Amino acid sequence: MKTHDVLNWIKEIHRQLDEKTQSSEGIVPIEQLREKLDLEVNREASKQEQLMSFINAYIRYSAPTSSKRFMNQLWSSTEPESLIGEHLSAALNTSMYTYEVAPVATLLEQSLVDYLSNKIWKQNCEGVMTSGGTASNMQALLTARNFKVKSSKGEGLQSLHHPLYVIASKEAHYSVKRSLNILGLGEDQLIEVEVNSSGQMTAEGVESAIEQVKAKSGQVLAVVATAGTTVRGAFDDLKGIGKLCEAQNVWFHVDGAYGASVILSESHSELVHGIEHADSVSWDFHKMLGLHLPAAFLFMKQKGQLAGALASGNDGYLFHDEDTMDLGKKSLQCGRRADVVKLWLSWKAKGEIGFQERIDSMFASARGLAELIEQNPKLELLETPQSINVCFRYRSEDGERYEHVIRETLKEQGSLIVNFSKNEEGPFFRVAVTRPDIDQNDWKDFLSQIIKQGEQL
Ligand code: ABU
């Protein structure tokens with residue numbers, strides 16, 4: 001196949017994708033999907049028509065993530081420049097481990113690390129792009145472990161004199177618990193702090209968790225605060241918790257995978273006041289800011305900690321020169337995509353102001369949705385949104401909870417895909433407003449679909 005054939009194929013993919021975004025085909029249940037797809041792993045080469053037929057099916061039966069009907073995740077539609085950046089990065093196909101094979105991308109990543117770490121700490125600190133928020137949180141805790149307990153890198157956990165604990169809120173992302181398992185600390189060593197009525201972990205909550213650990217003769221390895229929880233979009237008290245961690249000499253990690261982006265908005269950056277107390281910060285650009293997955297960073301306040309926590313092994317075959325800027329020394333990955341290219345292109349195209357406007361529009365849109373829910377007697381708003389997540393219930397006439405059935409029916413019909421979660425009173429819908437172009441008419445249509453479905457049950 002020649003390059004111009006590749007371009008024609010890519011054009012055709014985007015033509016079909018545009019068509020899909022406008023259509024309202026539902027999600028096919030798994031048993032039917034198995035029958036519709038050619039899942040055979042072939043020995044003989046396939047013909048081009050067969051490849052095109054695979055592409056058709058892939059597009060047709062995938063979730064409609066570019067459509068306004070898709071409200072299921074903490075990300076949704078993407079920015080066009082990000083897509084061009086993805087194509088550029090794929091066309092050049094390199095790996096971020098060494099400067100020599102990724103000279104331009106290395107300088108771009110370094111430039112963004114400097115700029116963004118300045119946003120957090122008002123000085124150039126360090127950072128690296130990762131495969132997502134989960135990887136960032138895990139690497140932050142690994143770095144905390146190796147710096148707070150120096151012997152753990154070489155001797156492992158048998159060298160510990162005290163059990164280590166990590167403190168996070170009950171509503172923190174599951175990756176915190178998983179990290180404790182992966183790092184050999186044990187997931188039972190996570191102390192989960194109750195949140196206040198707005199879903200936030202408070203400094204008082206953390207203080208009493210620290211007392212709990214002391215009473216067990218343990219050591220607090222790290223406190224993980226969340227800037228933007230996945231369900232309620234809540235922001236923990238970063239200032240209070242950060243000051244407490246400084247006073248207690250405890251590593252303070254901010255999981256801002258979802259919400260750290262608000263730092264770019266003059267109107268909403270107060271949500272992350274106190275982030276400057278952090279030792280490490282996770283920050284994803286594929287959530288609020290509309291970049292293609294993945295576009296994630298881990299930042300460290302103190303330079304040298306990333307490579308310091310990882311460097312080991314017989315890596316001289318790859319890293320030939322101590323003085324070069326080889327980002328692979330800071331990364332858990334060896335081969336790594338040049339994810340920075342899409343972010344760089346998007347940033348150049350919009351400027352910081354463009355990202356700020358995007359965030360402000362999404363916040364306004366979330367408020368608009370909450371108002372419509374509050375005004376409608378058939379719906380119950382669970383709380384005033386703190387950021388861009390809106391949680392609500394459908395009030396059924398018989399008092400039963402039908403959110404799950406409503407959701408599944410709408411998904412199969414192709415009307416929309418919306419996520420749900422649960423609290424003590426049962427399930428509720430969770431909308432994360434992760435695109436800036438949804439207006440009040442879109443929301444009215446969205447809510448009327450839910451109500452119509454509820455009324456038909
Ligand atoms: N890392 C959290 C992503 C989950 C979601 O997109 O809903």
# chains A, B, ... in the order shown; residues from 1 in each chain; ligands from 1
>>> residues_around(residues="Ser387 (chain A)", least_positions_apart="2", cutoff="8 Å", atoms="only C-alpha atoms", output="number ranges by chain")
A: 228, 233-234, 363, 366, 385, 389
>>> select_by_dssp(residues="region 232-366 of chain A", states="alpha helix (DSSP H)", output="MDAnalysis selection string")
chainID A and resid 238:248 305:310 340:366
>>> write_last_selection(atoms="C-alpha atoms", output="short mmCIF file (atom, residue, chain, number, x, y, z; two decimals), in the first residue's frame")
data_model
loop_
_atom_site.label_atom_id
_atom_site.label_comp_id
_atom_site.auth_asym_id
_atom_site.auth_seq_id
_atom_site.Cartn_x
_atom_site.Cartn_y
_atom_site.Cartn_z
CA LEU A 238 -5.80 20.99 49.42
CA LYS A 239 -4.67 23.96 51.47
CA GLY A 240 -5.57 22.53 54.88
CA ILE A 241 -4.35 19.02 54.07
CA GLY A 242 -1.17 20.32 52.40
CA LYS A 243 -0.20 22.42 55.42
CA LEU A 244 -0.87 19.48 57.72
CA CYS A 245 1.35 17.20 55.61
CA GLU A 246 4.14 19.78 55.66
CA ALA A 247 3.91 20.07 59.45
CA GLN A 248 3.95 16.26 59.82
CA GLN A 305 13.19 12.30 42.32
CA LEU A 306 11.67 10.57 39.30
CA ALA A 307 14.91 9.15 37.96
CA GLY A 308 16.19 8.64 41.52
CA ALA A 309 13.28 6.36 42.37
CA LEU A 310 13.64 4.27 39.23
CA VAL A 340 3.14 15.33 23.74
CA VAL A 341 2.73 16.08 20.02
CA LYS A 342 -1.08 16.28 20.14
CA LEU A 343 -0.97 18.48 23.25
CA TRP A 344 1.62 20.76 21.75
CA LEU A 345 -0.38 21.24 18.57
CA SER A 346 -3.62 21.79 20.47
CA TRP A 347 -1.98 24.28 22.81
CA LYS A 348 -0.43 26.19 19.89
CA ALA A 349 -3.80 26.30 18.13
CA LYS A 350 -5.86 27.50 21.11
CA GLY A 351 -3.39 29.10 23.45
CA GLU A 352 -3.94 28.91 27.17
CA ILE A 353 -6.91 31.24 26.71
CA GLY A 354 -8.65 28.65 24.55
CA PHE A 355 -8.31 26.00 27.26
CA GLN A 356 -9.52 28.50 29.86
CA GLU A 357 -12.61 29.26 27.76
CA ARG A 358 -13.27 25.56 27.34
CA ILE A 359 -13.22 25.00 31.10
CA ASP A 360 -15.39 28.03 31.82
CA SER A 361 -17.98 26.91 29.23
CA MET A 362 -18.13 23.42 30.71
CA PHE A 363 -18.65 24.79 34.22
CA ALA A 364 -21.43 27.07 32.96
CA SER A 365 -23.01 24.19 31.06
CA ALA A 366 -22.97 21.99 34.21
#
>>> residues_near_ligand(ligand="ligand 1", cutoff="7 Å", atoms="only C-alpha atoms and all ligand atoms", output="list of chain:residue names")
A:Asn72, A:Gln73, A:Leu74, A:Trp75, A:Gly133, A:Thr134, A:Thr230
>>> residues_around(residues="Ile210 (chain A)", least_positions_apart="5", cutoff="9 Å", atoms="only C-alpha atoms", output="ChimeraX atom specification")
/A:167,205,215,219-220
>>> atom_distance(atom1="CA of Ser261 (chain A)", atom2="CA of Glu187 (chain A)")
28.8 Å
>>> residues_around(residues="Cys334 (chain A)", least_positions_apart="2", cutoff="10 Å", atoms="only C-alpha atoms", output="PyMOL selection string")
chain A and resi 95-98+318+327-332+336-337
>>> select_by_dssp(residues="region 38-260 of chain A", states="strand (DSSP E)", output="count of residues only")
31
>>> closest_residue(among="A:Ile191, A:Leu88, A:Ala140, A:Ala338", to="Lys301 (chain A)", atoms="only C-alpha atoms")
A:Ala140
>>> atom_distance(atom1="CA of Phe429 (chain A)", atom2="CA of Met201 (chain A)")
22.5 Å
>>> closest_residue(among="A:Glu408, A:Asp18, A:Glu425, A:Glu270", to="Phe392 (chain A)", atoms="only C-alpha atoms")
A:Glu425
>>> closest_residue(among="A:Asn146, A:Thr226, A:Ser151, A:Ser448", to="Ala168 (chain A)", atoms="only C-alpha atoms")
A:Thr226
>>> atom_distance(atom1="CA of Val166 (chain A)", atom2="CA of Ile388 (chain A)")
27.8 Å
>>> residues_around(residues="Gly199 (chain A)", least_positions_apart="2", cutoff="9 Å", atoms="only C-alpha atoms", output="PyMOL selection string")
chain A and resi 169-171+194-197+201+229+232-236
>>> closest_residue(among="A:Leu116, A:Ile59, A:Ile406, A:Pro427", to="Gln453 (chain A)", atoms="only C-alpha atoms")
A:Ile406
>>> closest_residue(among="A:Val231, A:Arg435, A:Gly316, A:Leu457", to="Leu382 (chain A)", atoms="only C-alpha atoms")
A:Val231
>>> closest_residue(among="A:Leu142, A:Gly304, A:Leu157, A:Ser269", to="His253 (chain A)", atoms="only C-alpha atoms")
A:Leu142
